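Okay, so here's the structure we're looking at.
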Amino acid sequence: MFQPVFQTVYQTRVALIGPSQPKVLEYDELISTFSRKGDPIMSTLTIEPIHDDFGARVTGIDLKAPLDAAMVTEIHAIIDKYSLVNFPGQNLDDDAHLAFTKSLGEPEASHVKLGQDGIIEYFGTIGNVLDDGTVLHNDHQRTRFQTGNNLWHTDSSFRETPSYVSIMSVVEVPDEGGQTEFISARAAYNRLPEDEQQRMDGLTVIHDYVFSRSKVGPDAVTPSHAASLPPVEQKLVRTNPGTGAKNLYVGSHARSIAGWSDEDSRTLIDGFLEKATRDDYVYSHDWKPGELVVWDNRCLLHRGAGYDADKYRRRMRQTRVCGAGPTLNE
Ligand SMILES: [Fe+2]
């Protein structure tokens, strides 16, 4: 059983913030977060939900220090429940960022470096300030390439084993713009009528990086990069292995439903995206220097809101953790 102090800590410390009415979460709801392994956990974390559908701000932890097994379990459970976890004020350098990434699983090599140059690199730089300090502007090919991230997507869904989470560490942000918007495909799935949910069960989707990047421009993907990422088949409905929660797994890389016409595929995928991304279901994250944000690529969709690279500097470092395996085996 959970220790009484755990109950007291959570009853007194957890509050809902943001646009909704303040409320204290039910103890049972919190217990379910930590019951993944059935072990008692003496938590020192404070968890503040940030949107009705998903997301939490978590304080009371220094991610620069090594995490023990119980804390790793707890963080996995928080990810399972809240999908997006914001750890403010962490200021991790690359070494600490990678160590935290490895504590959550196997780091995922950047498909761009791997596909273009055959190099394994765990970090991606998001924004226009490069590692050597060079600042790129709007007309640079790399800046244009990153506008592909302004379409609703989930990271790495075009890989046979897509990513579990992305982990973003924020260095510099623009004074204006540069937010990332998120929605929960789990909440959106739960809002579908039951007969629609049943119709989707058992379907698979072709995810194709070359298809999604063709919207950015004909030169967005080099031939070697394209050859390294053949289209893959993913389950349309995914199930969280810890909680049993279901969601649709689509986004900009989803080209078509296997065995369906392009027209019928677009009707289903685009129709779902339209319903899922209604304004009040969107959480727009305003990045803050020093914070670390982890999001669950299995069930969230996100997109960049854009910013003016001629006027502003933006630099964020991102790693990802590999998923458990191909979604077809889930
Ligand atoms: Fe992304």
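Letters A, B, ... go to the chains of the structure tokens in the order shown; residues in each chain start at 1; ligands are counted from 1 in the same order.
Every protein or nucleic acid residue with an atom no more than 10 Å from Val210 (chain A), counting only C-alpha atoms and leaving out same-chain residues fewer than 4 positions away, appears here: Phe158, Ser214, Lys215, Pro218, Ala220, Val221, Thr222, Pro223, His225, Ala226, Ala227, Leu229, Pro230, Pro231, His253 and Arg255 of chain A.
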Keeping only C-alpha atoms, write the selected residues as a short mmCIF file (atom, residue, chain, number, x, y, z; two decimals), in the first residue's frame.
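Result file follows (out-v3.cif):
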```cif
data_model
loop_
_atom_site.label_atom_id
_atom_site.label_comp_id
_atom_site.auth_asym_id
_atom_site.auth_seq_id
_atom_site.Cartn_x
_atom_site.Cartn_y
_atom_site.Cartn_z
CA PHE A 158 7.89 7.14 -40.15
CA SER A 214 7.15 16.83 -50.17
CA LYS A 215 4.86 19.52 -48.71
CA PRO A 218 11.07 19.09 -53.66
CA ALA A 220 13.69 18.79 -48.61
CA VAL A 221 15.00 15.21 -48.53
CA THR A 222 18.30 14.09 -50.06
CA PRO A 223 18.27 10.83 -52.09
CA HIS A 225 18.05 10.24 -46.66
CA ALA A 226 14.93 9.18 -48.62
CA ALA A 227 16.42 5.74 -49.29
CA LEU A 229 13.41 5.86 -44.72
CA PRO A 230 11.12 3.63 -46.78
CA PRO A 231 7.39 3.91 -45.94
CA HIS A 253 3.61 11.54 -41.98
CA ARG A 255 0.03 8.95 -46.03
#
```
Go through the chains and note each residue within 10 Å of ligand 1, using only C-alpha atoms and all ligand atoms, then give the set as a ChimeraX atom specification.
/A:126,146,148-156,166,180,297,301-304,318
Residue neighbourhood Glu233 (chain A), 12 Å, only C-alpha atoms, exclusion window fewer than 3 positions, as a PyMOL selection string:
chain A and resi 157-162+203-208+230+236+249-250+253-259+326-329
Long-range neighbours of region 242-245 of chain A as a PDB file with C-alpha atoms, in the first residue's frame, 8 Å cut-off, only C-alpha atoms, 3 positions minimum in chain:
```pdb
ATOM      1  CA  ARG A  36       2.298   0.789 -12.585  1.00  0.00           C
ATOM      2  CA  ALA A  77       4.102   6.629 -14.893  1.00  0.00           C
ATOM      3  CA  ASP A  80       1.765   7.491 -19.167  1.00  0.00           C
ATOM      4  CA  LYS A  81      -0.785   9.622 -17.363  1.00  0.00           C
ATOM      5  CA  ARG A 186      -5.979  10.023 -26.777  1.00  0.00           C
ATOM      6  CA  THR A 239      -2.836   1.212 -26.767  1.00  0.00           C
TER       7      THR A 239
END
```
Could you pull out the residues in region 86-186 of chain A that DSSP calls strand (DSSP E or B) from the backbone, as a PDB file with C-alpha atoms, in the first residue's frame?
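Written file, result16.pdb:
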```pdb
ATOM      1  CA  ASN A  86       7.408  20.132 -18.082  1.00  0.00           C
ATOM      2  CA  PHE A  87      10.367  20.297 -15.681  1.00  0.00           C
ATOM      3  CA  PRO A 107      18.331   7.064 -27.195  1.00  0.00           C
ATOM      4  CA  GLY A 124      18.968  17.601 -32.880  1.00  0.00           C
ATOM      5  CA  THR A 125      19.162  21.392 -32.726  1.00  0.00           C
ATOM      6  CA  ILE A 126      15.763  23.018 -33.104  1.00  0.00           C
ATOM      7  CA  GLY A 127      15.948  26.652 -34.158  1.00  0.00           C
ATOM      8  CA  VAL A 129      21.358  29.086 -33.829  1.00  0.00           C
ATOM      9  CA  VAL A 135      22.575  32.206 -36.997  1.00  0.00           C
ATOM     10  CA  HIS A 153       2.859  15.353 -36.481  1.00  0.00           C
ATOM     11  CA  SER A 163       9.941   7.079 -30.761  1.00  0.00           C
ATOM     12  CA  TYR A 164       8.548   6.801 -27.239  1.00  0.00           C
ATOM     13  CA  VAL A 165       9.279  10.350 -26.086  1.00  0.00           C
ATOM     14  CA  SER A 166      11.051  13.490 -27.249  1.00  0.00           C
ATOM     15  CA  ILE A 167      13.021  15.485 -24.690  1.00  0.00           C
ATOM     16  CA  MET A 168      13.581  19.177 -25.326  1.00  0.00           C
ATOM     17  CA  SER A 169      16.026  21.360 -23.412  1.00  0.00           C
ATOM     18  CA  VAL A 170      15.547  25.054 -24.013  1.00  0.00           C
ATOM     19  CA  VAL A 171      18.492  27.424 -24.456  1.00  0.00           C
ATOM     20  CA  GLU A 172      17.220  30.524 -26.286  1.00  0.00           C
ATOM     21  CA  THR A 180       4.866  24.601 -30.003  1.00  0.00           C
ATOM     22  CA  GLU A 181       1.238  23.477 -30.001  1.00  0.00           C
ATOM     23  CA  PHE A 182       0.204  20.078 -28.669  1.00  0.00           C
ATOM     24  CA  ILE A 183      -3.009  18.052 -28.690  1.00  0.00           C
ATOM     25  CA  SER A 184      -3.842  14.700 -27.167  1.00  0.00           C
TER      26      SER A 184
END
```
Identify, with DSSP run on backbone atoms, the residues in region 99-233 of chain A assigned to alpha helix (DSSP H), and express the list as a ChimeraX atom specification.
/A:99-104,111-117,141-146,185-190,194-200,209-213,223-228
With only C-alpha atoms as the counted atoms, please give the residues lying no more than 7 Å from region 272-279 of chain A, apart from itself and same-chain residues fewer than 4 positions off, as a PyMOL selection string.
chain A and resi 183+185+188+268
Write out the residues from the selection above, keeping N, CA and C atoms, as a PDB file, in the first residue's frame.
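Wrote selection_3.pdb, looks like this:
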```pdb
ATOM      1  N   ILE A 183      -1.662  18.578 -28.994  1.00  0.00           N
ATOM      2  CA  ILE A 183      -3.009  18.052 -28.690  1.00  0.00           C
ATOM      3  C   ILE A 183      -2.860  16.576 -28.305  1.00  0.00           C
ATOM      4  N   ALA A 185      -4.062  12.983 -28.857  1.00  0.00           N
ATOM      5  CA  ALA A 185      -4.821  12.099 -29.755  1.00  0.00           C
ATOM      6  C   ALA A 185      -5.606  11.068 -28.945  1.00  0.00           C
ATOM      7  N   ALA A 188      -8.778  12.939 -28.068  1.00  0.00           N
ATOM      8  CA  ALA A 188      -9.558  13.057 -29.309  1.00  0.00           C
ATOM      9  C   ALA A 188     -10.205  11.723 -29.664  1.00  0.00           C
ATOM     10  N   LEU A 268     -10.611  10.111 -43.622  1.00  0.00           N
ATOM     11  CA  LEU A 268     -10.491   9.647 -42.232  1.00  0.00           C
ATOM     12  C   LEU A 268      -9.407  10.431 -41.484  1.00  0.00           C
TER      13      LEU A 268
END
```
For Tyr122 (chain A), which residue out of A:Ser110, A:Ser83, A:Ser228, A:Thr59 is the nearest one, using only C-alpha atoms?
A:Ser110
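Coordinates place CA of Glu291 (chain A) at a distance of 23.4 Å from CA of Gly323 (chain A).
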Shell of 7 Å around region 174-177 of chain A, only C-alpha atoms, local chain residues under 3 positions omitted, as a PyMOL selection string
chain A and resi 305-307+312-314
Go ahead and save the picked residues with C-alpha atoms, as a JSON list (two decimals), in the first residue's frame.
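Written file, selection-v2.json:
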```json
[["chain", "number", "residue", "atom", "x", "y", "z"],
["A", 305, "ALA", "CA", 3.78, 27.86, -34.54],
["A", 306, "GLY", "CA", 6.62, 29.47, -36.54],
["A", 307, "TYR", "CA", 8.82, 32.48, -35.78],
["A", 312, "TYR", "CA", 15.03, 36.36, -33.62],
["A", 313, "ARG", "CA", 17.33, 33.68, -32.25],
["A", 314, "ARG", "CA", 16.01, 30.28, -31.23]]
```
